[in-house]
file upload15.csv (CSV, C-alpha atoms)
chain,number,residue,atom,x,y,z
A,3,GLU,CA,120.8,97.1,101.9
A,4,GLU,CA,122.9,100.3,101.5
A,5,TRP,CA,120.2,101.8,99.3
A,6,LYS,CA,118.0,102.1,102.4
A,7,LEU,CA,120.5,104.6,103.9
A,8,LEU,CA,120.0,107.0,101.0
A,9,PRO,CA,117.7,110.0,101.3
A,10,PRO,CA,114.1,108.9,100.4
A,11,GLU,CA,113.9,110.6,97.0
A,12,GLN,CA,117.3,109.1,95.9
A,13,TYR,CA,116.2,105.7,97.1
A,14,ILE,CA,113.0,105.9,95.1
A,15,LEU,CA,114.8,107.0,92.0
A,16,ARG,CA,117.5,104.3,92.4
A,17,LYS,CA,114.9,101.6,92.9
A,18,SER,CA,112.8,102.7,89.9
A,19,GLN,CA,115.9,102.7,87.6
A,20,ASN,CA,116.9,99.1,88.8
A,21,PRO,CA,113.5,97.4,89.1
A,22,LYS,CA,112.9,93.8,89.9
A,23,THR,CA,109.2,93.9,89.1
A,24,ILE,CA,106.9,95.9,86.9
A,25,LYS,CA,105.4,97.5,90.0
A,26,GLU,CA,108.8,98.9,91.0
A,27,ALA,CA,109.5,100.1,87.4
A,28,PHE,CA,106.4,102.3,87.5
A,29,ALA,CA,106.3,103.3,91.2
A,30,TRP,CA,106.6,106.9,92.5
A,31,ARG,CA,109.8,108.6,91.3
A,32,LYS,CA,109.5,111.6,93.5
A,33,GLN,CA,109.1,111.9,97.3
A,34,ALA,CA,105.4,112.0,98.2
A,35,TYR,CA,104.0,114.2,101.0
A,36,PHE,CA,103.6,111.0,103.0
A,37,ASN,CA,106.8,109.0,102.8
A,38,VAL,CA,105.9,106.0,100.6
A,39,GLN,CA,109.2,104.2,101.2
A,40,ARG,CA,108.7,104.1,104.9
A,41,ILE,CA,104.9,103.4,104.7
A,42,GLU,CA,105.8,100.3,102.6
A,43,ARG,CA,108.3,99.3,105.2
A,44,ARG,CA,105.7,99.6,108.0
A,45,GLN,CA,103.3,97.4,105.9
A,46,GLU,CA,106.0,94.7,105.6
A,47,GLU,CA,106.5,94.9,109.4
A,48,LEU,CA,102.8,94.5,110.0
A,49,LEU,CA,102.6,91.4,107.9
A,50,ILE,CA,105.4,89.8,109.9
A,51,GLN,CA,103.8,90.8,113.2
A,52,ILE,CA,100.4,89.4,112.1
A,53,LYS,CA,102.0,86.2,111.0
A,54,ASN,CA,103.7,85.8,114.4
A,55,GLY,CA,100.5,86.7,116.3
A,56,ILE,CA,102.0,89.9,117.7
A,57,VAL,CA,99.3,92.1,116.1
A,58,LYS,CA,95.6,91.0,115.9
A,59,VAL,CA,93.8,92.5,112.9
A,60,GLU,CA,90.1,93.3,113.0
A,61,GLN,CA,88.3,93.9,109.7
A,62,GLY,CA,84.7,94.9,108.9
A,63,LEU,CA,82.6,98.0,108.3
A,64,LEU,CA,81.8,100.7,110.8
A,65,TYR,CA,78.3,101.8,111.9
A,66,GLU,CA,76.8,104.1,114.6
A,67,ASP,CA,74.5,102.5,117.0
A,68,LYS,CA,71.4,104.0,118.6
A,69,ASP,CA,73.5,105.4,121.4
A,70,GLY,CA,75.8,107.2,119.1
A,71,ASP,CA,78.7,104.8,119.6
A,72,ILE,CA,80.8,103.8,116.6
A,73,LYS,CA,81.2,100.0,116.3
A,74,LEU,CA,82.8,97.6,113.9
A,75,LYS,CA,80.6,94.9,112.3
A,76,LYS,CA,83.3,92.2,111.7
A,77,LEU,CA,83.5,90.3,108.5
A,78,SER,CA,82.6,87.1,110.3
A,79,GLU,CA,79.3,88.6,111.3
A,80,TYR,CA,78.2,88.9,107.6
A,81,GLU,CA,76.4,86.2,105.6
A,82,GLU,CA,78.9,84.8,103.2
A,83,PHE,CA,77.0,86.0,100.1
A,84,ASN,CA,77.0,89.6,101.5
A,85,ARG,CA,80.5,89.7,103.1
A,86,PRO,CA,82.7,92.7,102.1
A,87,GLN,CA,86.2,92.0,101.1
A,88,GLU,CA,89.5,93.8,101.4
A,89,ILE,CA,90.3,95.7,98.2
A,90,PRO,CA,93.9,95.0,97.0
A,91,TYR,CA,96.1,97.6,95.3
A,92,PRO,CA,96.1,97.9,92.4
A,93,VAL,CA,92.4,97.4,92.3
A,94,ASP,CA,91.3,94.2,90.6
A,95,GLU,CA,88.6,95.4,88.1
A,96,LYS,CA,87.0,91.9,88.3
A,97,ILE,CA,85.8,92.6,91.9
A,98,LEU,CA,82.1,93.5,91.6
A,99,ASP,CA,81.6,94.3,95.3
A,100,LYS,CA,83.9,97.3,95.9
A,101,ARG,CA,82.6,98.2,99.4
A,102,GLY,CA,86.0,97.1,100.8
A,103,CYS,CA,86.5,97.0,104.6
A,104,ILE,CA,88.0,98.8,107.5
A,105,THR,CA,91.2,97.3,108.8
A,106,ILE,CA,92.2,98.0,112.4
A,107,TRP,CA,95.7,97.0,113.7
A,108,GLU,CA,95.5,99.0,116.9
A,109,LYS,CA,92.4,100.4,118.6
A,110,PRO,CA,92.2,104.1,119.4
A,111,GLU,CA,93.4,105.6,122.7
A,112,TYR,CA,93.0,109.2,123.8
A,113,ASN,CA,95.8,109.9,126.2
A,114,SER,CA,97.2,112.8,124.2
A,115,ALA,CA,95.7,115.6,122.1
A,116,ASN,CA,96.2,115.4,118.3
A,117,LEU,CA,97.5,111.8,118.6
A,118,TYR,CA,96.1,110.7,115.2
A,119,TYR,CA,96.3,112.0,111.7
A,120,ALA,CA,94.7,110.7,108.5
A,121,GLY,CA,95.7,110.8,104.9
A,122,VAL,CA,92.6,110.8,102.6
A,123,ASP,CA,92.4,110.1,98.9
A,124,PRO,CA,88.6,110.6,98.2
A,125,ILE,CA,86.6,109.6,95.2
A,126,GLY,CA,85.2,112.2,92.8
A,127,LEU,CA,81.5,112.7,92.3
A,128,GLN,CA,81.9,112.0,88.6
A,129,ASP,CA,83.5,108.5,89.2
A,130,ASN,CA,81.1,105.7,88.7
A,131,TYR,CA,80.9,102.4,90.6
A,132,THR,CA,82.7,100.4,87.8
A,133,SER,CA,85.7,102.8,88.0
A,134,PRO,CA,88.9,101.4,89.5
A,135,SER,CA,89.1,104.6,91.6
A,136,ILE,CA,88.4,103.9,95.3
A,137,PHE,CA,88.3,105.9,98.5
A,138,SER,CA,91.5,105.4,100.5
A,139,MET,CA,92.3,106.5,104.1
A,140,HIS,CA,95.1,105.6,106.5
A,141,ILE,CA,95.1,106.5,110.1
A,142,TYR,CA,98.6,107.4,111.5
A,143,LYS,CA,99.4,107.5,115.2
A,144,ARG,CA,102.2,110.1,115.7
A,145,GLY,CA,105.3,109.4,117.7
A,146,TYR,CA,105.5,110.9,121.3
A,147,THR,CA,107.5,110.7,124.5
A,148,GLU,CA,106.4,109.4,127.8
A,149,ILE,CA,107.9,108.7,131.2
A,150,ASP,CA,108.9,105.1,131.8
A,151,GLN,CA,107.2,104.0,135.0
A,152,THR,CA,110.0,101.7,136.0
A,153,THR,CA,113.1,103.9,135.3
A,154,GLY,CA,111.6,107.3,135.4
A,155,ASN,CA,113.4,108.1,132.2
A,156,LYS,CA,111.8,109.5,129.0
A,157,LYS,CA,111.2,107.0,126.3
A,158,THR,CA,110.1,107.6,122.7
A,159,ILE,CA,107.0,105.8,121.3
A,160,ARG,CA,107.4,105.6,117.6
A,161,GLY,CA,104.6,106.5,115.2
A,162,LYS,CA,102.8,104.0,113.0
A,163,ILE,CA,99.8,103.2,110.9
A,164,VAL,CA,97.0,101.9,113.0
A,165,ALA,CA,93.9,101.6,110.7
A,166,SER,CA,92.9,102.0,107.1
A,167,TYR,CA,89.9,101.9,104.7
A,168,ARG,CA,89.9,101.2,101.0
A,169,GLY,CA,86.8,100.8,99.0
A,170,ARG,CA,83.7,102.4,97.6
A,171,PHE,CA,80.0,101.8,97.9
A,172,LYS,CA,77.5,102.3,95.1
A,173,SER,CA,76.6,105.5,96.9
A,174,VAL,CA,79.2,108.2,97.3
A,175,GLU,CA,77.4,109.3,100.5
A,176,ASP,CA,77.8,105.8,101.9
A,177,THR,CA,81.5,105.7,100.9
A,178,ASN,CA,82.1,109.0,102.6
A,179,GLU,CA,80.2,107.9,105.7
A,180,GLN,CA,82.7,105.0,106.3
A,181,GLY,CA,85.6,107.5,106.0
A,182,LEU,CA,83.9,109.9,108.4
A,183,LEU,CA,83.1,107.1,111.0
A,184,LEU,CA,86.8,106.1,110.9
A,185,LEU,CA,87.9,109.7,111.5
A,186,ARG,CA,85.5,110.1,114.4
A,187,LEU,CA,86.6,106.7,115.9
A,188,TYR,CA,90.2,107.9,116.2
A,189,LYS,CA,89.4,111.7,116.5
A,190,ALA,CA,91.9,112.1,113.7
A,191,LYS,CA,92.8,115.2,111.8
A,192,ALA,CA,92.5,114.5,108.1
A,193,ALA,CA,94.8,115.8,105.3
A,194,CYS,CA,92.5,115.5,102.4
A,195,GLU,CA,93.1,116.0,98.7
A,196,ARG,CA,91.6,119.4,97.9
A,197,ASN,CA,90.8,119.0,94.2
A,198,LYS,CA,88.2,116.4,95.2
A,199,ASP,CA,86.3,118.3,97.8
A,200,ASN,CA,83.1,116.2,98.1
A,201,PHE,CA,84.5,114.4,101.2
A,202,ILE,CA,85.4,117.7,102.8
A,203,ASN,CA,82.0,119.1,102.1
A,204,PHE,CA,80.4,115.9,103.4
A,205,CYS,CA,82.2,116.3,106.7
A,206,ARG,CA,81.1,119.9,106.9
A,207,ARG,CA,77.5,119.0,106.2
A,208,LYS,CA,77.6,116.4,109.0
A,209,GLY,CA,79.0,118.9,111.5
A,210,TYR,CA,82.6,117.5,111.6
A,211,SER,CA,84.5,120.2,109.8
A,212,THR,CA,87.0,120.3,112.7
A,213,LEU,CA,88.3,116.9,111.6
A,214,ILE,CA,89.5,118.4,108.3
A,215,ALA,CA,93.0,119.7,109.1
A,216,LYS,CA,94.0,123.1,107.9
A,217,LYS,CA,97.5,123.4,106.5
A,218,HIS,CA,99.0,125.0,109.6
A,219,GLU,CA,97.6,122.1,111.8
A,220,LEU,CA,99.6,119.4,110.0
A,221,PRO,CA,103.0,118.6,111.4
A,222,PHE,CA,105.9,118.7,109.0
A,223,ASP,CA,107.5,115.4,107.9
A,224,LYS,CA,110.4,115.9,110.2
A,225,ASP,CA,108.1,116.2,113.2
A,226,ILE,CA,106.3,112.9,112.4
A,227,ASP,CA,108.3,109.7,113.2
A,228,MET,CA,107.6,108.0,109.9
A,229,ALA,CA,110.3,105.3,110.6
A,230,GLY,CA,107.8,103.4,112.7
call {"tool": "encode", "arguments": {"input": "upload15.csv", "output": "C-alpha coordinates"}}
result
Amino acid sequence: EEWKLLPPEQYILRKSQNPKTIKEAFAWRKQAYFNVQRIERRQEELLIQIKNGIVKVEQGLLYEDKDGDIKLKKLSEYEEFNRPQEIPYPVDEKILDKRGCITIWEKPEYNSANLYYAGVDPIGLQDNYTSPSIFSMHIYKRGYTEIDQTTGNKKTIRGKIVASYRGRFKSVEDTNEQGLLLLRLYKAKAACERNKDNFINFCRRKGYSTLIAKKHELPFDKDIDMAG
(Lines of atoms letter the chains of each structure in order from A and count residues from 1; the text may use other names and numbers.)
(Lines give C-alpha, C1' and ligand atoms only; values in the text may rest on other atoms or scores of the structure.)
Protein backbone atom coordinates (compact mmCIF):
# COMPACT_ATOMS: atom_id res chain seq x y z
CA GLU A 1 0.00 0.00 0.00
CA GLU A 2 2.85 2.42 0.78
CA TRP A 3 4.10 2.00 -2.79
CA LYS A 4 1.06 3.95 -4.03
CA LEU A 5 2.34 6.99 -2.13
CA LEU A 6 5.51 7.04 -4.23
CA PRO A 7 5.87 9.39 -7.22
CA PRO A 8 4.44 7.64 -10.31
CA GLU A 9 7.76 6.87 -12.01
CA GLN A 10 9.23 5.36 -8.81
CA TYR A 11 6.04 3.34 -8.30
CA ILE A 12 6.20 1.92 -11.84
CA LEU A 13 9.88 1.04 -11.48
CA ARG A 14 9.35 -0.58 -8.05
CA LYS A 15 6.44 -2.63 -9.34
CA SER A 16 8.31 -3.81 -12.45
CA GLN A 17 11.23 -4.94 -10.28
CA ASN A 18 8.94 -6.89 -7.93
CA PRO A 19 6.38 -8.37 -10.32
CA LYS A 20 3.60 -10.73 -9.32
CA THR A 21 2.66 -11.47 -12.94
CA ILE A 22 4.32 -11.54 -16.37
CA LYS A 23 2.28 -8.45 -17.31
CA GLU A 24 3.76 -6.46 -14.42
CA ALA A 25 7.27 -7.63 -15.28
CA PHE A 26 7.07 -6.20 -18.78
CA ALA A 27 4.88 -3.16 -18.06
CA TRP A 28 5.94 0.46 -18.63
CA ARG A 29 9.09 1.35 -16.67
CA LYS A 30 8.92 5.07 -17.33
CA GLN A 31 6.14 7.56 -16.68
CA ALA A 32 3.96 7.93 -19.78
CA TYR A 33 2.41 11.22 -20.95
CA PHE A 34 -0.94 9.91 -19.71
CA ASN A 35 -0.41 8.52 -16.22
CA VAL A 36 -0.75 4.74 -16.69
CA GLN A 37 -0.78 3.99 -12.96
CA ARG A 38 -3.76 6.24 -12.32
CA ILE A 39 -5.62 5.16 -15.47
CA GLU A 40 -5.34 1.53 -14.32
CA ARG A 41 -6.66 2.57 -10.90
CA ARG A 42 -9.63 4.29 -12.56
CA GLN A 43 -10.33 1.14 -14.61
CA GLU A 44 -10.39 -0.93 -11.41
CA GLU A 45 -12.82 1.57 -9.85
CA LEU A 46 -15.08 1.35 -12.91
CA LEU A 47 -15.24 -2.45 -12.67
CA ILE A 48 -16.36 -2.17 -9.04
CA GLN A 49 -18.96 0.50 -9.89
CA ILE A 50 -20.29 -1.58 -12.79
CA LYS A 51 -20.57 -4.65 -10.55
CA ASN A 52 -22.49 -2.64 -7.94
CA GLY A 53 -24.80 -1.09 -10.53
CA ILE A 54 -23.50 2.45 -9.95
CA VAL A 55 -22.33 2.82 -13.54
CA LYS A 56 -24.35 1.52 -16.48
CA VAL A 57 -22.17 0.71 -19.47
CA GLU A 58 -23.34 1.06 -23.08
CA GLN A 59 -21.44 -0.70 -25.86
CA GLY A 60 -21.82 -0.79 -29.62
CA LEU A 61 -20.70 1.10 -32.71
CA LEU A 62 -21.45 4.70 -33.64
CA TYR A 63 -23.18 5.91 -36.78
CA GLU A 64 -24.50 9.21 -38.13
CA ASP A 65 -28.21 9.25 -39.01
CA LYS A 66 -29.81 11.16 -41.87
CA ASP A 67 -30.27 14.22 -39.64
CA GLY A 68 -26.57 14.33 -38.78
CA ASP A 69 -27.04 13.06 -35.21
CA ILE A 70 -24.46 10.63 -33.85
CA LYS A 71 -26.04 7.55 -32.33
CA LEU A 72 -24.91 4.27 -30.81
CA LYS A 73 -26.09 1.00 -32.29
CA LYS A 74 -25.94 -1.21 -29.20
CA LEU A 75 -24.46 -4.70 -29.29
CA SER A 76 -27.89 -6.15 -28.47
CA GLU A 77 -29.24 -4.68 -31.73
CA TYR A 78 -26.88 -6.79 -33.87
CA GLU A 79 -27.59 -10.28 -35.11
CA GLU A 80 -25.51 -12.71 -33.09
CA PHE A 81 -23.46 -13.80 -36.11
CA ASN A 82 -22.52 -10.18 -36.87
CA ARG A 83 -22.16 -8.79 -33.35
CA PRO A 84 -18.92 -6.87 -32.67
CA GLN A 85 -17.05 -7.69 -29.48
CA GLU A 86 -14.87 -5.81 -27.06
CA ILE A 87 -11.18 -6.22 -27.88
CA PRO A 88 -9.10 -7.17 -24.83
CA TYR A 89 -5.56 -5.99 -24.20
CA PRO A 90 -3.23 -7.52 -25.12
CA VAL A 91 -5.07 -8.35 -28.33
CA ASP A 92 -6.00 -12.00 -28.74
CA GLU A 93 -4.70 -12.87 -32.20
CA LYS A 94 -7.34 -15.62 -32.48
CA ILE A 95 -10.09 -12.95 -32.74
CA LEU A 96 -11.03 -12.77 -36.42
CA ASP A 97 -13.52 -9.89 -36.15
CA LYS A 98 -11.44 -6.99 -34.85
CA ARG A 99 -14.03 -4.23 -35.30
CA GLY A 100 -14.20 -3.88 -31.52
CA CYS A 101 -16.74 -1.58 -29.95
CA ILE A 102 -17.33 1.79 -28.37
CA THR A 103 -17.71 1.69 -24.59
CA ILE A 104 -19.55 4.56 -22.88
CA TRP A 105 -19.46 4.90 -19.09
CA GLU A 106 -20.88 8.43 -19.01
CA LYS A 107 -22.76 10.25 -21.75
CA PRO A 108 -21.45 13.64 -22.90
CA GLU A 109 -22.51 16.94 -21.39
CA TYR A 110 -21.59 20.39 -22.65
CA ASN A 111 -21.79 22.71 -19.65
CA SER A 112 -18.20 23.84 -20.03
CA ALA A 113 -15.83 24.59 -22.91
CA ASN A 114 -12.95 22.15 -23.44
CA LEU A 115 -14.48 19.66 -21.04
CA TYR A 116 -13.24 16.56 -22.87
CA TYR A 117 -9.85 15.43 -24.14
CA ALA A 118 -8.91 12.27 -26.03
CA GLY A 119 -5.76 10.19 -26.17
CA VAL A 120 -5.44 8.51 -29.57
CA ASP A 121 -3.17 5.66 -30.68
CA PRO A 122 -4.04 5.27 -34.39
CA ILE A 123 -3.19 2.43 -36.75
CA GLY A 124 -0.70 2.85 -39.57
CA LEU A 125 -1.66 2.59 -43.21
CA GLN A 126 0.87 -0.24 -43.62
CA ASP A 127 -0.76 -2.36 -40.88
CA ASN A 128 -2.89 -5.18 -42.27
CA TYR A 129 -6.10 -6.57 -40.77
CA THR A 130 -4.37 -9.63 -39.31
CA SER A 131 -1.93 -7.43 -37.39
CA PRO A 132 -2.39 -7.28 -33.58
CA SER A 133 -2.18 -3.49 -33.89
CA ILE A 134 -5.52 -1.80 -33.20
CA PHE A 135 -6.88 1.74 -33.04
CA SER A 136 -7.24 2.92 -29.45
CA MET A 137 -8.94 6.03 -28.08
CA HIS A 138 -9.92 7.07 -24.55
CA ILE A 139 -12.11 10.08 -23.79
CA TYR A 140 -11.17 11.90 -20.59
CA LYS A 141 -13.46 14.37 -18.81
CA ARG A 142 -11.29 16.92 -17.06
CA GLY A 143 -11.77 17.99 -13.46
CA TYR A 144 -13.50 21.30 -12.78
CA THR A 145 -15.08 23.30 -9.97
CA GLU A 146 -18.70 24.32 -9.57
CA ILE A 147 -20.92 25.98 -6.98
CA ASP A 148 -22.82 23.61 -4.68
CA GLN A 149 -26.48 24.63 -4.99
CA THR A 150 -27.16 23.65 -1.37
CA THR A 151 -24.22 25.23 0.48
CA GLY A 152 -23.10 27.88 -1.99
CA ASN A 153 -19.53 26.61 -1.61
CA LYS A 154 -17.17 25.65 -4.40
CA LYS A 155 -16.76 21.93 -4.92
CA THR A 156 -14.31 20.04 -7.11
CA ILE A 157 -15.57 17.54 -9.66
CA ARG A 158 -12.78 15.08 -10.32
CA GLY A 159 -11.72 14.05 -13.80
CA LYS A 160 -12.31 10.57 -15.20
CA ILE A 161 -12.37 8.38 -18.29
CA VAL A 162 -15.89 8.38 -19.75
CA ALA A 163 -15.63 6.49 -23.05
CA SER A 164 -13.26 4.45 -25.18
CA TYR A 165 -12.83 2.67 -28.50
CA ARG A 166 -10.48 -0.20 -29.28
CA GLY A 167 -10.61 -2.04 -32.57
CA ARG A 168 -10.02 -1.96 -36.29
CA PHE A 169 -12.18 -2.55 -39.34
CA LYS A 170 -10.87 -4.15 -42.51
CA SER A 171 -10.90 -0.63 -43.94
CA VAL A 172 -8.63 1.98 -42.34
CA GLU A 173 -11.22 4.60 -43.35
CA ASP A 174 -13.97 2.80 -41.43
CA THR A 175 -11.70 2.48 -38.40
CA ASN A 176 -10.88 6.19 -38.47
CA GLU A 177 -14.57 7.00 -38.89
CA GLN A 178 -15.41 5.34 -35.54
CA GLY A 179 -12.69 7.40 -33.87
CA LEU A 180 -13.89 10.63 -35.45
CA LEU A 181 -17.53 9.95 -34.51
CA LEU A 182 -16.47 9.44 -30.89
CA LEU A 183 -14.50 12.71 -30.92
CA ARG A 184 -17.48 14.54 -32.41
CA LEU A 185 -19.90 13.01 -29.90
CA TYR A 186 -17.91 14.42 -26.98
CA LYS A 187 -16.55 17.49 -28.81
CA ALA A 188 -13.18 16.33 -27.50
CA LYS A 189 -9.73 17.70 -28.31
CA ALA A 190 -7.49 14.82 -29.37
CA ALA A 191 -3.84 14.28 -28.48
CA CYS A 192 -2.82 12.04 -31.35
CA GLU A 193 0.39 10.16 -32.08
CA ARG A 194 2.11 12.24 -34.75
CA ASN A 195 4.25 9.58 -36.41
CA LYS A 196 1.07 7.86 -37.63
CA ASP A 197 -0.68 10.81 -39.20
CA ASN A 198 -3.39 9.07 -41.22
CA PHE A 199 -6.04 9.72 -38.53
CA ILE A 200 -5.02 13.38 -38.30
CA ASN A 201 -5.22 13.67 -42.09
CA PHE A 202 -8.58 11.85 -42.09
CA CYS A 203 -10.03 14.37 -39.63
CA ARG A 204 -8.71 17.25 -41.74
CA ARG A 205 -10.23 15.79 -44.91
CA LYS A 206 -13.59 15.48 -43.18
CA GLY A 207 -13.45 19.11 -42.00
CA TYR A 208 -12.75 18.40 -38.31
CA SER A 209 -9.15 19.56 -37.98
CA THR A 210 -10.19 21.68 -34.96
CA LEU A 211 -10.65 18.45 -32.98
CA ILE A 212 -6.93 17.65 -33.29
CA ALA A 213 -5.27 19.49 -30.44
CA LYS A 214 -2.18 21.57 -30.94
CA LYS A 215 0.50 21.19 -28.30
CA HIS A 216 -0.31 24.50 -26.60
CA GLU A 217 -4.00 23.49 -26.30
CA LEU A 218 -3.28 20.47 -24.12
CA PRO A 219 -3.27 21.02 -20.36
CA PHE A 220 -0.21 19.82 -18.46
CA ASP A 221 -0.51 16.73 -16.29
CA LYS A 222 -0.60 18.84 -13.14
CA ASP A 223 -3.65 20.68 -14.48
CA ILE A 224 -5.58 17.47 -15.19
CA ASP A 225 -7.02 15.69 -12.17
CA MET A 226 -5.77 12.25 -13.11
CA ALA A 227 -6.56 10.79 -9.67
CA GLY A 228 -10.23 10.37 -10.58
call {"tool": "closest_atom_pairs", "arguments": {"input": "upload15.csv", "of": "region 108-149 of chain A", "to": "region 160-177 of chain A", "cutoff": "6 Å", "atoms": "only C-alpha atoms", "output": "JSON lines"}}
result
{"residue": "A:Glu108", "atom": "CA", "partner": "A:Val164", "partner_atom": "CA", "distance": 5.1}
{"residue": "A:Tyr131", "atom": "CA", "partner": "A:Lys172", "partner_atom": "CA", "distance": 5.6}
{"residue": "A:Ile136", "atom": "CA", "partner": "A:Gly169", "partner_atom": "CA", "distance": 5.1}
{"residue": "A:Phe137", "atom": "CA", "partner": "A:Gly169", "partner_atom": "CA", "distance": 5.3}
{"residue": "A:Ser138", "atom": "CA", "partner": "A:Arg168", "partner_atom": "CA", "distance": 4.5}
{"residue": "A:Met139", "atom": "CA", "partner": "A:Tyr167", "partner_atom": "CA", "distance": 5.2}
{"residue": "A:His140", "atom": "CA", "partner": "A:Ser166", "partner_atom": "CA", "distance": 4.3}
{"residue": "A:Ile141", "atom": "CA", "partner": "A:Ala165", "partner_atom": "CA", "distance": 5.1}
{"residue": "A:Tyr142", "atom": "CA", "partner": "A:Ile163", "partner_atom": "CA", "distance": 4.4}
{"residue": "A:Lys143", "atom": "CA", "partner": "A:Gly161", "partner_atom": "CA", "distance": 5.3}
{"residue": "A:Arg144", "atom": "CA", "partner": "A:Gly161", "partner_atom": "CA", "distance": 4.4}
{"residue": "A:Gly145", "atom": "CA", "partner": "A:Gly161", "partner_atom": "CA", "distance": 3.9}
call {"tool": "residues_around", "arguments": {"input": "upload15.csv", "residues": "Glu79 (chain A)", "least_positions_apart": "4", "cutoff": "12 Å", "atoms": "only C-alpha atoms", "output": "PyMOL selection string"}}
result
chain A and resi 60-63+74-75+83-86
call {"tool": "write_last_selection", "arguments": {"input": "upload15.csv", "atoms": "C-alpha atoms", "output": "PDB file, in the coordinates of the input"}}
result
ATOM      1  CA  GLU A  60      90.100  93.300 113.000  1.00  0.00           C
ATOM      2  CA  GLN A  61      88.300  93.900 109.700  1.00  0.00           C
ATOM      3  CA  GLY A  62      84.700  94.900 108.900  1.00  0.00           C
ATOM      4  CA  LEU A  63      82.600  98.000 108.300  1.00  0.00           C
ATOM      5  CA  LEU A  74      82.800  97.600 113.900  1.00  0.00           C
ATOM      6  CA  LYS A  75      80.600  94.900 112.300  1.00  0.00           C
ATOM      7  CA  PHE A  83      77.000  86.000 100.100  1.00  0.00           C
ATOM      8  CA  ASN A  84      77.000  89.600 101.500  1.00  0.00           C
ATOM      9  CA  ARG A  85      80.500  89.700 103.100  1.00  0.00           C
ATOM     10  CA  PRO A  86      82.700  92.700 102.100  1.00  0.00           C
TER      11      PRO A  86
END
call {"tool": "atom_distance", "arguments": {"input": "upload15.csv", "atom1": "CA of Leu127 (chain A)", "atom2": "CA of Asp199 (chain A)"}}
result
9.2 Å
call {"tool": "residues_around", "arguments": {"input": "upload15.csv", "residues": "Tyr188 (chain A)", "least_positions_apart": "3", "cutoff": "12 Å", "atoms": "all atoms listed in the file", "output": "VMD selection string"}}
result
chain A and resid 72 to 73 106 108 to 120 140 to 143 163 to 166 181 to 185 191 to 192 213
call {"tool": "atom_distance", "arguments": {"input": "upload15.csv", "atom1": "CA of Ala193 (chain A)", "atom2": "CA of Thr147 (chain A)"}}
result
23.6 Å
